[in-house]
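The structure appears right after this line, and notes come after that.
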Amino acid sequence: MIGWAKAFLAEPWPALTLFFLATASVALFRPLSRKLGWHALPTLGALLGLAAIATLTLPPPPNAAESQSLAACGRALADLDDFARALVATNDRGERVGNVLMFMPFTFFATLASRRAGLVALVGVLLPVAIEVTQSLLDLGRDCAARDWANNAIGALLGVAFAVVMLRLVKAGRVGQ
């Protein structure tokens, strides 16, 4: 995982992607938060979280191979054994931790911004599927994998759970004193 991350970050695309998306996030968070009726700063956090997700999932990886076909991607995402292994596997911990952590900031801040934990959780569970399919459609040289979906979804749900706890603590007056 560390070797892959170093090689990935040595490419120009991740930095350019993050710069462009972070700049767009800063420019758009206030109008978007007003339009949606969300709290402004957590909206910025959610947008920056999405920028990080896009940066880590959409540029081609180092030594990119040919992508799976859409049909093969669908079969991979429906592989219940791979999905289940993702929930209990102890190998590839670095990749697993990275995939879990990647989604936590987005859903944490989106929950704080919107105060709609259920909707954010649903988006957080479905967004990784959309990313896997997009990677296949755009031929980015990435594999579709149920384990990535499972780990991203776990991270998304943890982000929502932490935000719900934070909101309850704030409501109870235990934070910010």
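Starting from 1 in every chain, residues are counted up; chains themselves are A, B, ... following the order of the structure tokens, and ligands are numbered from 1 as listed.
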
Write out as a ChimeraX atom specification the set of residues from stretch 85-156 of chain A that DSSP, computed on the backbone, places in helix (DSSP H, G or I). /A:85-88,93-114,117-137,146-156

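Once A:Phe108 and its same-chain neighbours fewer than 2 positions away are set aside, Met104, Pro105, Phe106, Ala110, Thr111, Leu112, Gly159, Val160, Phe162 and Ala163 of chain A remain within 7 Å of it when counting only C-alpha atoms.
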
Surrounding residues of A:Asp79 excluding itself and chain neighbours under 4 positions, 8 Å, only C-alpha atoms, as a ChimeraX atom specification: /A:75,83,146

In terms of only C-alpha atoms, the residue from A:Ala52, A:Ala22, A:Leu47, A:Leu58 at minimal distance from A:Arg142 is A:Leu58

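Going from atom CA of A:Ala27 over to atom CA of A:Ser114, you cover 18.9 Å.
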
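Restricting the calculation to only C-alpha atoms, the smallest distance between A:Leu32 and any of A:Ala84, A:Leu140, A:Ala46, A:Leu18 is found for A:Ala46.
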
Nearest to A:Gly98, chosen from A:Ser69, A:Thr23, A:Thr43, A:Asn152, with only C-alpha atoms counted in the distances: A:Asn152

Spatial neighbours of A:Phe29, max dist 10 Å, only C-alpha atoms, sep filter under 6 positions, as a PyMOL selection string: chain A and resi 35+38-48

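You can rank A:Met102, A:Ala113, A:Leu169, A:Val133 by their closest distance to A:Gly37 using only C-alpha atoms, and at the top of that list sits A:Ala113.
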
Applying 8 Å and only C-alpha atoms, which residues near A:Gly124 remain after dropping the ones on its own chain fewer than 2 positions away? List them as a VMD selection string. chain A and resid 103 107 120 to 122 126 to 128 152 to 153 156 to 157
